[in-house]
Every structure is written in structure tokens, then in C-alpha cells.
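Colleague: The following block contains the structure, expressed as C-alpha cells.
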Amino acid sequence: MTTALEVQGLSAAVEGKQILEGLDLQIPFGELHAIMGPNGSGKSTLCHVLTGKAGYLVSGSATLEGQDLLSLEVDERARLGLLQSFQYPTEVPGVRLREFLIEAADERGIGEEEALERIEAEAARFDTTRFLDRSLNNDLSGGEKKRSEIFQMAVLRPRVALLDEIDSGLDIDAVKQVSEAVEGMRSPDLGVVMITHYNRILKYLTADRIHVMIDGRIVDSGDAELAEELESGGYDAVRERLGLKKTTTEPSRRPADFFTDTPFDV
């Protein structure tokens with residue numbers, strides 16, 4: 001199976017704080033991999049580094065279909081086929097979703113006629129037709145914003161999709177709807193990395209592989225049984241099984257209905 005995204009020995013620091021510590025990860029085309037880990041483990045930092053957010057001191061390698069990512073600017077990585085959905089999608093008053101997608105498609109080398117055909121077809125599939133002539137994310141619920149982002153990815157057809165806490169802040173019905181949208185986006189030509197804190201979204205979609213991220217590294221990988229272990233024993237159970245010491249400065253595990261930013265969005 002062809003590799004979509006390959007990360008080797010990736011380290012990253014910001015403002016003197018080391019966050020990623022020699023992280024290794026491989027995502028084949030056609031697969032969805034979930035990365036789980038406690039708050040502060042570096043999950044969102046991984047997304048930031050891969051997409052080219054400024055301010056990080058980075059070493060190691062990351063490639064998309066064998067092409068180096070780390071030497072490219074943010075827009076070049078997007079044109080190569082790397083797209084990210086966000087924890088908190090931004091509202092953009094005055095920019096209609098349809099117009100935004102036509103412009104984004106043009107940047108991806110997709111002609112306007114083809115873009116319009118994709119927009120209409122995918123909007124019908126993801127039930128987002130009523131969003132097309134609204135300002136981007138304006139007056140949408142949390143679940144609708146997340147579903148809209150998945151719809152946008154389906155139109156733009158990235159090679160690698162980074163879903164950063166796509167389930168954050170959603171009630172159970174919205175989690176189900178977003179999970180269905182993610183499953184609907186899956187393709188043999190797409191590799192998906194889904195960042196999540198909680199096992200609940202994995203009850204509604206199928207992850208081909210689950211990775212546990214602690215202290216800036218992938219420390220364990222497995223199937224649904226690994227997610228069940230986390231559900232029952234938390235990350236301390238994984239630490240104990242692997243013989244890992246708990247960092248004294250590690251933030252405590254946050255409850256499912258509380259979400260906050262940190263200086264590093266880790």
C-alpha cells in the first residue's frame with residue numbers, strides 16, 4: 001500500500017519548550033489513523049508543524065507522497081494536497097461558502113466548471129446545500145461547522161487530511177453526524193490523520209490504526225482494543241504497561257465538556 005504521509009524523527013520546540021520528541025508516523029493511502037493522547041502531549045503541535053505554522057524550531061523529516069513538506073511554505077503544502085480542519089472553525093463574514101470553495105479550488109488547480117460540479121454533488125451528499133450562499137461558517141452550530149469543513153475537503157480532494165479534534169465541543173448527535181461525514185470522505189486516494197482526546201468518536205467510525213501519543217512521541221499503536229484500554233484505564237494504564245514515567249509537569253486530563261487553548265495549542 002502506498003504511503004501518503006511519512007514522518008521520521010520529527011522534533012519541534014517553541015519558545016524554548018520542547019514539544020515533539022523524535023516522532024515517527026506512517027499513514028498509507030486509503031486509511032484513517034487516530035492519534036490519541038493526554039492534553040499537552042503534542043497532538044495539535046504535530047498538525048501545526050506539518051502544515052507549516054510559524055514559530056517552531058523543527059528537525060527530522062515529513063513527506064507527502066515522498067515529497068518533502070518541511071521545506072515548503074504553508075500555501076505550497078496545501079497545493080501539494082495537505083489540508084487541515086480546525087478545532088474551532090472561523091467565521092468569515094461577507095465571504096460565501098460557494099465563492100470560497102471556487103477560489104480554493106482554483107488554488108488547487110481545479111477549473112471553475114469542475115469545481116461547481118463538485119460543490120453541487122458533494123453538498124447534496126453531505127447535506128450542506130443550504131450553507132453554500134451563507135457567509136463562511138456564519139450562524140452554524142458546532143456540528144454544522146465541522147461537517148462543512150469535511151464537505152470542503154471532499155470538494156478539494158486533498159491527499160492527506162489532518163482532522164484536529166474534529167469532535168471537540170460537540171454533543172453526541174453532532175459527533176455521530178461528523179463521524180458519518182468523515183466516513184463519507186474516505187477514499188483510496190486519501191490518507192486521514194484524526195486527532196482526538198476521547199474514545200467516543202471511535203464508536204461511530206472505523207479507524208484502521210490507533211496511535212497513543214505521550215510526551216511528544218508515538219509510544220504505542222494498535223486496533224480498537226487499544227482505545228478500549230484507554231477508555232477503561234486512561235493514559236496512566238498505558239504508561240504503566242510500557243514502563244513510562246509520568247512527567248511531573250504534565251497537565252491533568254481534562255473532562256469531555258471542557259475545552260481550552262494553551263499557549264502552544266498542544
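Residue numbering restarts at 1 for every chain of the C-alpha cells, chains are lettered A, B, ... in their displayed order, and ligands are numbered from 1 as they appear.
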Can you pull out every residue within 10 Å of Leu226 (chain A), counting only C-alpha atoms, but drop anything in the same chain fewer than 2 positions away, and send it as an NGL selection string?

Modeller: :A and (199 or 209-212 or 220-224 or 228-231 or 238)

Colleague: Would you return as a list in words the members of region 134-209 of chain A that DSSP assigns to strand (DSSP E) on this structure's backbone?

Modeller: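 DSSP-assigned strand (DSSP E) residues in region 134-209 of chain A: Ser135, Leu136, Val160, Ala161, Leu162, Leu163, Asp164, Gly191, Val192, Val193, Met194, Ile195, Thr196 and Arg209 of chain A.
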
Colleague: Near Ile35 (chain A), within 12 Å and counting only C-alpha atoms, which residues show up once chain neighbours fewer than 3 positions away are dropped, as a PyMOL selection string?

Modeller: chain A and resi 25-27+32+38+41-44+46-47+162-166+192-199+202+207-214+216-223+226-227

Colleague: If you run DSSP on the backbone here, which positions in region 131-234 of chain A get alpha helix (DSSP H)? Please write them as a PDB file with C-alpha atoms, in the first residue's frame.

Modeller:
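states.pdb written:
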```
ATOM      1  CA  GLY A 142     -20.560  23.486  16.126  1.00  0.00           C
ATOM      2  CA  GLY A 143     -21.530  20.258  14.403  1.00  0.00           C
ATOM      3  CA  GLU A 144     -22.561  22.074  11.226  1.00  0.00           C
ATOM      4  CA  LYS A 145     -19.219  23.887  11.083  1.00  0.00           C
ATOM      5  CA  LYS A 146     -17.327  20.613  11.408  1.00  0.00           C
ATOM      6  CA  ARG A 147     -19.498  18.936   8.765  1.00  0.00           C
ATOM      7  CA  SER A 148     -18.953  21.925   6.478  1.00  0.00           C
ATOM      8  CA  GLU A 149     -15.186  21.507   6.822  1.00  0.00           C
ATOM      9  CA  ILE A 150     -15.421  17.836   5.864  1.00  0.00           C
ATOM     10  CA  PHE A 151     -17.588  18.846   2.885  1.00  0.00           C
ATOM     11  CA  GLN A 152     -14.937  21.382   1.830  1.00  0.00           C
ATOM     12  CA  MET A 153     -12.268  18.690   1.951  1.00  0.00           C
ATOM     13  CA  ALA A 154     -14.448  16.388  -0.148  1.00  0.00           C
ATOM     14  CA  VAL A 155     -14.661  19.118  -2.804  1.00  0.00           C
ATOM     15  CA  LEU A 156     -10.938  19.919  -2.751  1.00  0.00           C
ATOM     16  CA  ILE A 172     -23.387  13.104  20.926  1.00  0.00           C
ATOM     17  CA  ASP A 173     -25.750  13.675  17.975  1.00  0.00           C
ATOM     18  CA  ALA A 174     -23.262  16.043  16.332  1.00  0.00           C
ATOM     19  CA  VAL A 175     -20.427  13.560  16.915  1.00  0.00           C
ATOM     20  CA  LYS A 176     -22.460  10.937  15.057  1.00  0.00           C
ATOM     21  CA  GLN A 177     -23.137  13.322  12.168  1.00  0.00           C
ATOM     22  CA  VAL A 178     -19.497  14.383  11.875  1.00  0.00           C
ATOM     23  CA  SER A 179     -18.380  10.742  12.059  1.00  0.00           C
ATOM     24  CA  GLU A 180     -20.687   9.909   9.148  1.00  0.00           C
ATOM     25  CA  ALA A 181     -19.214  12.828   7.208  1.00  0.00           C
ATOM     26  CA  VAL A 182     -15.662  11.629   7.857  1.00  0.00           C
ATOM     27  CA  GLU A 183     -16.552   8.125   6.715  1.00  0.00           C
ATOM     28  CA  GLY A 184     -18.185   9.621   3.623  1.00  0.00           C
ATOM     29  CA  MET A 185     -14.983  11.482   2.780  1.00  0.00           C
ATOM     30  CA  ALA A 224      -9.833  -0.894  18.772  1.00  0.00           C
ATOM     31  CA  GLU A 225      -8.608  -2.795  21.830  1.00  0.00           C
ATOM     32  CA  LEU A 226      -6.090  -0.036  22.471  1.00  0.00           C
ATOM     33  CA  ALA A 227      -8.859   2.578  22.502  1.00  0.00           C
ATOM     34  CA  GLU A 228     -10.820   0.398  24.927  1.00  0.00           C
ATOM     35  CA  GLU A 229      -7.779   0.207  27.209  1.00  0.00           C
ATOM     36  CA  LEU A 230      -7.614   3.999  27.214  1.00  0.00           C
ATOM     37  CA  GLU A 231     -11.329   4.222  27.918  1.00  0.00           C
ATOM     38  CA  SER A 232     -11.094   1.942  30.939  1.00  0.00           C
ATOM     39  CA  GLY A 233      -7.689   2.813  32.395  1.00  0.00           C
ATOM     40  CA  GLY A 234      -6.722   6.153  30.887  1.00  0.00           C
TER      41      GLY A 234
END
```

Colleague: Rounded to one decimal, what separation in Å do you get between CA of Asp167 (chain A) and CA of Arg108 (chain A)?

Modeller: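 Value for the CA of Asp167 (chain A)-CA of Arg108 (chain A) distance: 26.9 Å.
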
Colleague: Using only C-alpha atoms, which protein or nucleic acid residues come within 6 Å of region 90-104 of chain A? Drop anything in the same chain fewer than 2 positions from it, and give the result as a compact mmCIF listing (two decimals) with N, CA and C atoms, in the first residue's frame.

Modeller:
```txt
# COMPACT_ATOMS: atom_id res chain seq x y z
N ASP A 106 -9.45 26.79 -7.31
CA ASP A 106 -8.54 27.38 -8.30
C ASP A 106 -7.09 27.26 -7.82
N GLU A 107 -6.86 27.48 -6.52
CA GLU A 107 -5.52 27.34 -5.97
C GLU A 107 -5.02 25.90 -6.06
N LEU A 132 -24.32 26.99 1.23
CA LEU A 132 -23.48 27.48 0.14
C LEU A 132 -23.55 28.99 -0.07
N ASP A 133 -24.71 29.58 0.15
CA ASP A 133 -24.85 31.02 -0.09
C ASP A 133 -24.83 31.83 1.20
N ARG A 134 -24.40 31.19 2.29
CA ARG A 134 -24.17 31.90 3.55
C ARG A 134 -22.70 32.29 3.64
N SER A 135 -22.42 33.29 4.48
CA SER A 135 -21.03 33.59 4.79
C SER A 135 -20.41 32.38 5.46
N LEU A 136 -19.12 32.20 5.23
CA LEU A 136 -18.41 31.01 5.69
C LEU A 136 -18.57 30.82 7.20
N ASN A 137 -19.20 29.71 7.58
CA ASN A 137 -19.42 29.29 8.97
C ASN A 137 -20.34 30.22 9.76
N ASN A 138 -21.01 31.15 9.08
CA ASN A 138 -21.86 32.11 9.78
C ASN A 138 -23.17 31.45 10.23
```

Colleague: Between CA of Ala12 (chain A) and CA of Lys246 (chain A), what distance in Å does the model show, to one decimal?

Modeller: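 CA of Lys246 (chain A) lies 20.2 Å from CA of Ala12 (chain A).
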
Colleague: Which of these residues is nearest to Leu23 (chain A), using only C-alpha atoms: A:Asp215, A:Leu80, A:Gly169, A:Arg186?

Modeller: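 Under the stated criterion, the closest residue is A:Asp215.
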